[in-house]
Amino acid sequence: MATFSVLVFPGSNCDHDAYHALKHVLAADVRFVWHKETSLGKTDAVIVPGGFSYGDYLRSGAIARFSPVMQDVVKFANKGGLVIGICNGFQILLEAGLLPGAMLANENLKFRCKQLYLRTEQTDTPFSSLIEPGRALQIPIAHGEGNYTAPPETLKTLEENGQVVFRYCTALGDVVPEANPNGSLNNIAGIVNKDRNVLGMMPHPERACETELGSTDGRLIFESMLNHLQPA
C-alpha cells in the first residue's frame with residue numbers, strides 16, 4: 001500500500017483535513033511528519049497542507065521553506081517523488097523553488113472563502129489522470145494570497161509545456177474573468193513542475209471528498225495519485 005506523509009508546520013490547519021481524507025475516506029496509509037524532522041522516512045507521496053505556517057509572517061510560506069524537513073522534500077521531489085502543495089502548501093513550494101512563480105495578495109485585498117469551480121486542463125499528470133479533460137471540479141478556496149504571478153517568459157513556458165493543470169472557471173467550465181477569485185494570471189489555480197511530479201494548487205481538494213461537504217470532486221485528485229502509485 002502506498003504511504004502518504006502529511007507535513008505539519010506551526011500554523012498548519014488543514015493537516016488533519018488531509019489526513020482524514022486520505023485515511024478515513026480513501027483508506028490510504030498516511031502519517032504526519034513534524035517540520036523539525038530532517039528525514040521524511042519511507043514514503044511514496046508528500047502532502048504540504050494549507051494553513052498559516054509561521055503565521056504567514058514575511059510572506060506566505062517564506063519561513064516554512066527553511067524548515068528542516070523541506071530539505072528532504074526537495075530531494076524527494078528532485079528524485080521524482082510525488083508532492084502536492086495545497087493553498088499554503090502551494091506557497092511553500094513556490095518559495096522552495098520546486099515550482100515557478102510567486103503569490104501576491106488577492107486582487108481585492110480580501111480573504112476569499114467559497115465554493116468554486118476548476119477546469120481540468122491537463123490529464124497527463126499523476127494528480128489528474130482519472131479526471132475527464134475539461135471537467136469542471138467543484139472545490140472550495142480559502143486564502144488571502146492566491147494571486148498567482150510569474151514573469152511573461154515563465155508564464156509562456158508554463159502554457160506551452162502544458163503545466164497549468166487547473167484554471168478557475170464557471171460551473172459550465174468557461175474560463176472567464178468573473179470566475180477568477182483572486183486576480184491570478186490566466187485564471188491559474190494549479191500548476192505542475194516540468195517533470196509533472198510536483199503539483200501546487202490553491203483550492204482545497206481535501207475539503208471536497210465527502211458528500212456532506214458539498215462535493216466529492218476533490219477525491220479524484222487523490223485517487224489519481226493512488227492509481228499512479230499502485231495501479232490496478
# chains A, B, ... in the order shown; residues from 1 in each chain; ligands from 1
call {"tool": "residues_around", "arguments": {"residues": "range 95-102 of chain A", "least_positions_apart": "3", "cutoff": "8 Å", "atoms": "only C-alpha atoms", "output": "list in words"}}
result
Gly61, Ala62, Arg65, Met70, Val74, Ala77, Gln91, Ile92, Tyr148, Thr149, Ala150, Pro151, Thr154, Ile191, Val192, Asn193, Val198 and Gly200 of chain A
call {"tool": "write_last_selection", "arguments": {"atoms": "N, CA, C and O atoms", "output": "PDB file, in the first residue's frame"}}
result
ATOM      1  N   GLY A  61       4.562  31.253   3.392  1.00  0.00           N
ATOM      2  CA  GLY A  61       5.455  30.160   3.022  1.00  0.00           C
ATOM      3  C   GLY A  61       6.930  30.488   3.093  1.00  0.00           C
ATOM      4  O   GLY A  61       7.771  29.591   2.975  1.00  0.00           O
ATOM      5  N   ALA A  62       7.279  31.764   3.305  1.00  0.00           N
ATOM      6  CA  ALA A  62       8.679  32.176   3.247  1.00  0.00           C
ATOM      7  C   ALA A  62       9.529  31.603   4.374  1.00  0.00           C
ATOM      8  O   ALA A  62      10.713  31.319   4.182  1.00  0.00           O
ATOM      9  N   ARG A  65       9.594  27.443   4.268  1.00  0.00           N
ATOM     10  CA  ARG A  65      10.505  26.935   3.245  1.00  0.00           C
ATOM     11  C   ARG A  65      11.863  26.517   3.845  1.00  0.00           C
ATOM     12  O   ARG A  65      12.561  25.664   3.320  1.00  0.00           O
ATOM     13  N   MET A  70      12.023  20.404   4.871  1.00  0.00           N
ATOM     14  CA  MET A  70      11.916  20.811   3.474  1.00  0.00           C
ATOM     15  C   MET A  70      13.132  20.432   2.648  1.00  0.00           C
ATOM     16  O   MET A  70      13.039  20.240   1.429  1.00  0.00           O
ATOM     17  N   VAL A  74      12.624  18.545  -0.921  1.00  0.00           N
ATOM     18  CA  VAL A  74      13.236  18.953  -2.192  1.00  0.00           C
ATOM     19  C   VAL A  74      13.988  17.784  -2.822  1.00  0.00           C
ATOM     20  O   VAL A  74      13.860  17.525  -4.020  1.00  0.00           O
ATOM     21  N   ALA A  77      11.422  15.278  -4.157  1.00  0.00           N
ATOM     22  CA  ALA A  77      10.802  15.759  -5.396  1.00  0.00           C
ATOM     23  C   ALA A  77      11.766  15.665  -6.564  1.00  0.00           C
ATOM     24  O   ALA A  77      11.384  15.256  -7.678  1.00  0.00           O
ATOM     25  N   GLN A  91       2.135  27.815  -1.709  1.00  0.00           N
ATOM     26  CA  GLN A  91       3.009  28.962  -1.444  1.00  0.00           C
ATOM     27  C   GLN A  91       4.391  28.510  -0.978  1.00  0.00           C
ATOM     28  O   GLN A  91       5.416  29.072  -1.386  1.00  0.00           O
ATOM     29  N   ILE A  92       4.428  27.472  -0.142  1.00  0.00           N
ATOM     30  CA  ILE A  92       5.701  26.948   0.356  1.00  0.00           C
ATOM     31  C   ILE A  92       6.518  26.351  -0.788  1.00  0.00           C
ATOM     32  O   ILE A  92       7.734  26.554  -0.885  1.00  0.00           O
ATOM     33  N   TYR A 148      -1.740  34.262  -8.288  1.00  0.00           N
ATOM     34  CA  TYR A 148      -0.529  33.706  -8.889  1.00  0.00           C
ATOM     35  C   TYR A 148       0.036  34.642  -9.952  1.00  0.00           C
ATOM     36  O   TYR A 148      -0.682  35.142 -10.811  1.00  0.00           O
ATOM     37  N   THR A 149       1.355  34.862  -9.877  1.00  0.00           N
ATOM     38  CA  THR A 149       2.022  35.701 -10.859  1.00  0.00           C
ATOM     39  C   THR A 149       3.358  35.087 -11.249  1.00  0.00           C
ATOM     40  O   THR A 149       3.918  34.262 -10.502  1.00  0.00           O
ATOM     41  N   ALA A 150       3.843  35.468 -12.414  1.00  0.00           N
ATOM     42  CA  ALA A 150       5.125  34.981 -12.923  1.00  0.00           C
ATOM     43  C   ALA A 150       5.562  35.894 -14.056  1.00  0.00           C
ATOM     44  O   ALA A 150       4.712  36.551 -14.700  1.00  0.00           O
ATOM     45  N   PRO A 151       6.852  35.980 -14.327  1.00  0.00           N
ATOM     46  CA  PRO A 151       7.318  36.792 -15.458  1.00  0.00           C
ATOM     47  C   PRO A 151       6.722  36.264 -16.769  1.00  0.00           C
ATOM     48  O   PRO A 151       6.395  35.079 -16.863  1.00  0.00           O
ATOM     49  N   THR A 154       8.145  33.041 -18.097  1.00  0.00           N
ATOM     50  CA  THR A 154       7.794  31.870 -17.285  1.00  0.00           C
ATOM     51  C   THR A 154       6.364  31.438 -17.590  1.00  0.00           C
ATOM     52  O   THR A 154       6.081  30.243 -17.742  1.00  0.00           O
ATOM     53  N   ILE A 191      -0.632  24.352 -10.856  1.00  0.00           N
ATOM     54  CA  ILE A 191       0.402  24.074 -11.852  1.00  0.00           C
ATOM     55  C   ILE A 191       1.271  22.906 -11.400  1.00  0.00           C
ATOM     56  O   ILE A 191       1.326  22.578 -10.218  1.00  0.00           O
ATOM     57  N   VAL A 192       1.942  22.280 -12.365  1.00  0.00           N
ATOM     58  CA  VAL A 192       2.932  21.248 -12.068  1.00  0.00           C
ATOM     59  C   VAL A 192       4.306  21.716 -12.532  1.00  0.00           C
ATOM     60  O   VAL A 192       4.421  22.634 -13.349  1.00  0.00           O
ATOM     61  N   ASN A 193       5.335  21.055 -12.019  1.00  0.00           N
ATOM     62  CA  ASN A 193       6.688  21.329 -12.481  1.00  0.00           C
ATOM     63  C   ASN A 193       6.906  20.658 -13.845  1.00  0.00           C
ATOM     64  O   ASN A 193       6.031  19.957 -14.353  1.00  0.00           O
ATOM     65  N   VAL A 198       5.289  17.299  -9.223  1.00  0.00           N
ATOM     66  CA  VAL A 198       5.014  18.247  -8.143  1.00  0.00           C
ATOM     67  C   VAL A 198       3.852  19.127  -8.577  1.00  0.00           C
ATOM     68  O   VAL A 198       3.913  19.781  -9.629  1.00  0.00           O
ATOM     69  N   GLY A 200       1.114  22.204  -7.331  1.00  0.00           N
ATOM     70  CA  GLY A 200       0.693  23.217  -6.372  1.00  0.00           C
ATOM     71  C   GLY A 200      -0.667  23.721  -6.789  1.00  0.00           C
ATOM     72  O   GLY A 200      -0.888  24.012  -7.971  1.00  0.00           O
TER      73      GLY A 200
END
call {"tool": "closest_atom_pairs", "arguments": {"of": "range 18-132 of chain A", "to": "range 160-163 of chain A", "cutoff": "10 Å", "atoms": "only C-alpha atoms", "output": "JSON lines"}}
result
{"residue": "A:Glu121", "atom": "CA", "partner": "A:Gly162", "partner_atom": "CA", "distance": 8.0}
{"residue": "A:Gln122", "atom": "CA", "partner": "A:Gly162", "partner_atom": "CA", "distance": 6.8}
{"residue": "A:Thr123", "atom": "CA", "partner": "A:Gly162", "partner_atom": "CA", "distance": 9.8}
{"residue": "A:Asp124", "atom": "CA", "partner": "A:Gly162", "partner_atom": "CA", "distance": 9.2}
{"residue": "A:Thr125", "atom": "CA", "partner": "A:Gln163", "partner_atom": "CA", "distance": 9.3}
call {"tool": "write_last_selection", "arguments": {"atoms": "all heavy atoms", "output": "PDB file, in the first residue's frame"}}
result
ATOM      1  N   GLU A 121      -7.347  21.152 -17.086  1.00  0.00           N
ATOM      2  CA  GLU A 121      -6.673  21.464 -18.344  1.00  0.00           C
ATOM      3  C   GLU A 121      -5.768  20.341 -18.830  1.00  0.00           C
ATOM      4  O   GLU A 121      -5.585  20.163 -20.037  1.00  0.00           O
ATOM      5  CB  GLU A 121      -5.831  22.734 -18.177  1.00  0.00           C
ATOM      6  CG  GLU A 121      -6.626  23.953 -17.762  1.00  0.00           C
ATOM      7  CD  GLU A 121      -7.454  24.518 -18.902  1.00  0.00           C
ATOM      8  OE1 GLU A 121      -8.528  23.944 -19.196  1.00  0.00           O
ATOM      9  OE2 GLU A 121      -7.023  25.504 -19.508  1.00  0.00           O
ATOM     10  N   GLN A 122      -5.170  19.605 -17.895  1.00  0.00           N
ATOM     11  CA  GLN A 122      -4.224  18.539 -18.259  1.00  0.00           C
ATOM     12  C   GLN A 122      -4.566  17.267 -17.492  1.00  0.00           C
ATOM     13  O   GLN A 122      -4.818  17.313 -16.294  1.00  0.00           O
ATOM     14  CB  GLN A 122      -2.781  18.950 -17.931  1.00  0.00           C
ATOM     15  CG  GLN A 122      -2.348  20.280 -18.523  1.00  0.00           C
ATOM     16  CD  GLN A 122      -2.287  20.264 -20.037  1.00  0.00           C
ATOM     17  OE1 GLN A 122      -2.066  19.213 -20.653  1.00  0.00           O
ATOM     18  NE2 GLN A 122      -2.470  21.420 -20.659  1.00  0.00           N
ATOM     19  N   THR A 123      -4.558  16.152 -18.192  1.00  0.00           N
ATOM     20  CA  THR A 123      -4.856  14.872 -17.532  1.00  0.00           C
ATOM     21  C   THR A 123      -3.674  13.914 -17.611  1.00  0.00           C
ATOM     22  O   THR A 123      -3.786  12.763 -17.217  1.00  0.00           O
ATOM     23  CB  THR A 123      -6.090  14.205 -18.168  1.00  0.00           C
ATOM     24  OG1 THR A 123      -5.839  13.968 -19.554  1.00  0.00           O
ATOM     25  CG2 THR A 123      -7.317  15.089 -18.021  1.00  0.00           C
ATOM     26  N   ASP A 124      -2.540  14.406 -18.083  1.00  0.00           N
ATOM     27  CA  ASP A 124      -1.349  13.556 -18.193  1.00  0.00           C
ATOM     28  C   ASP A 124      -0.406  13.774 -17.017  1.00  0.00           C
ATOM     29  O   ASP A 124       0.809  13.787 -17.154  1.00  0.00           O
ATOM     30  CB  ASP A 124      -0.615  13.819 -19.514  1.00  0.00           C
ATOM     31  CG  ASP A 124      -0.113  15.257 -19.620  1.00  0.00           C
ATOM     32  OD1 ASP A 124      -0.620  16.123 -18.876  1.00  0.00           O
ATOM     33  OD2 ASP A 124       0.783  15.513 -20.452  1.00  0.00           O
ATOM     34  N   THR A 125      -0.994  13.949 -15.825  1.00  0.00           N
ATOM     35  CA  THR A 125      -0.195  14.092 -14.612  1.00  0.00           C
ATOM     36  C   THR A 125      -0.670  13.050 -13.603  1.00  0.00           C
ATOM     37  O   THR A 125      -1.810  12.567 -13.694  1.00  0.00           O
ATOM     38  CB  THR A 125      -0.340  15.494 -13.975  1.00  0.00           C
ATOM     39  OG1 THR A 125      -1.565  15.544 -13.208  1.00  0.00           O
ATOM     40  CG2 THR A 125      -0.349  16.591 -15.026  1.00  0.00           C
TER      41      THR A 125
END
call {"tool": "atom_distance", "arguments": {"atom1": "CA of Gly51 in chain A", "atom2": "CA of Asp15 in chain A"}}
result
8.1 Å
call {"tool": "select_by_dssp", "arguments": {"residues": "range 39-138 of chain A", "states": "helix (DSSP H, G or I)", "output": "ChimeraX atom specification"}}
result
/A:53-56,64-66,68-78,88-95
call {"tool": "closest_atom_pairs", "arguments": {"of": "range 47-85 of chain A", "to": "range 218-227 of chain A", "cutoff": "12 Å", "atoms": "only C-alpha atoms", "output": "tab-separated table"}}
result
residue	atom	partner	partner_atom	distance
A:Ile47	CA	A:Phe222	CA	10.3
A:Gly81	CA	A:Met225	CA	11.1
A:Leu82	CA	A:Met225	CA	8.0
A:Val83	CA	A:Met225	CA	9.8
A:Ile84	CA	A:Met225	CA	9.6
call {"tool": "closest_residue", "arguments": {"among": "A:Ala189, A:Leu118, A:Cys87, A:Met1", "to": "Ile131 in chain A", "atoms": "only C-alpha atoms"}}
result
A:Leu118
call {"tool": "residues_around", "arguments": {"residues": "range 23-33 of chain A", "least_positions_apart": "6", "cutoff": "7 Å", "atoms": "only C-alpha atoms", "output": "list of chain:residue names"}}
result
A:Met1, A:Ala2, A:Thr3, A:Phe4, A:Ser5, A:Val6, A:Leu7, A:Val8, A:Leu40
call {"tool": "residues_around", "arguments": {"residues": "Ser39 in chain A", "least_positions_apart": "3", "cutoff": "10 Å", "atoms": "only C-alpha atoms", "output": "list in words"}}
result
Val33, Trp34, His35, Lys36, Lys42, Pro68, Val69, Met70, Gln71, Asp72, Val73 and Phe76 of chain A
call {"tool": "write_last_selection", "arguments": {"atoms": "C-alpha atoms", "output": "PDB file, in the first residue's frame"}}
result
ATOM      1  CA  VAL A  33       5.684  14.421   9.690  1.00  0.00           C
ATOM      2  CA  TRP A  34       6.664  17.277  12.015  1.00  0.00           C
ATOM      3  CA  HIS A  35       8.515  20.132  10.328  1.00  0.00           C
ATOM      4  CA  LYS A  36      11.615  19.717  12.502  1.00  0.00           C
ATOM      5  CA  LYS A  42       9.855   5.806   3.843  1.00  0.00           C
ATOM      6  CA  PRO A  68      14.454  21.220   8.309  1.00  0.00           C
ATOM      7  CA  VAL A  69      12.067  18.743   6.665  1.00  0.00           C
ATOM      8  CA  MET A  70      11.916  20.811   3.474  1.00  0.00           C
ATOM      9  CA  GLN A  71      15.464  19.843   2.537  1.00  0.00           C
ATOM     10  CA  ASP A  72      14.357  16.228   2.268  1.00  0.00           C
ATOM     11  CA  VAL A  73      11.137  17.231   0.489  1.00  0.00           C
ATOM     12  CA  PHE A  76      12.403  13.621  -2.678  1.00  0.00           C
TER      13      PHE A  76
END
call {"tool": "closest_residue", "arguments": {"among": "A:Pro140, A:Gly80, A:Gly89, A:Gly11", "to": "Gly214 in chain A", "atoms": "only C-alpha atoms"}}
result
A:Pro140
call {"tool": "closest_residue", "arguments": {"among": "A:Glu132, A:Asp44, A:Glu145, A:Asp174", "to": "Pro203 in chain A", "atoms": "only C-alpha atoms"}}
result
A:Glu145
call {"tool": "residues_around", "arguments": {"residues": "Asp217 in chain A", "least_positions_apart": "5", "cutoff": "12 Å", "atoms": "only C-alpha atoms", "output": "PyMOL selection string"}}
result
chain A and resi 115-120+128+130-132+135-140+203-211+222-224
call {"tool": "residues_around", "arguments": {"residues": "range 103-109 of chain A", "least_positions_apart": "6", "cutoff": "6 Å", "atoms": "only C-alpha atoms", "output": "PyMOL selection string"}}
result
chain A and resi 144-148+182-183
call {"tool": "closest_residue", "arguments": {"among": "A:Glu159, A:Leu172, A:Pro126, A:Tyr57", "to": "Ile188 in chain A", "atoms": "only C-alpha atoms"}}
result
A:Glu159
call {"tool": "closest_residue", "arguments": {"among": "A:Pro181, A:Gly85, A:Gly190, A:Pro10", "to": "Val46 in chain A", "atoms": "only C-alpha atoms"}}
result
A:Gly85
call {"tool": "closest_residue", "arguments": {"among": "A:Glu153, A:Ser215, A:Asn187, A:Ser129", "to": "Pro231 in chain A", "atoms": "only C-alpha atoms"}}
result
A:Ser129
call {"tool": "select_by_dssp", "arguments": {"residues": "range 109-179 of chain A", "states": "strand (DSSP E or B)", "output": "ChimeraX atom specification"}}
result
/A:112-120,136-143,147-149,164-169
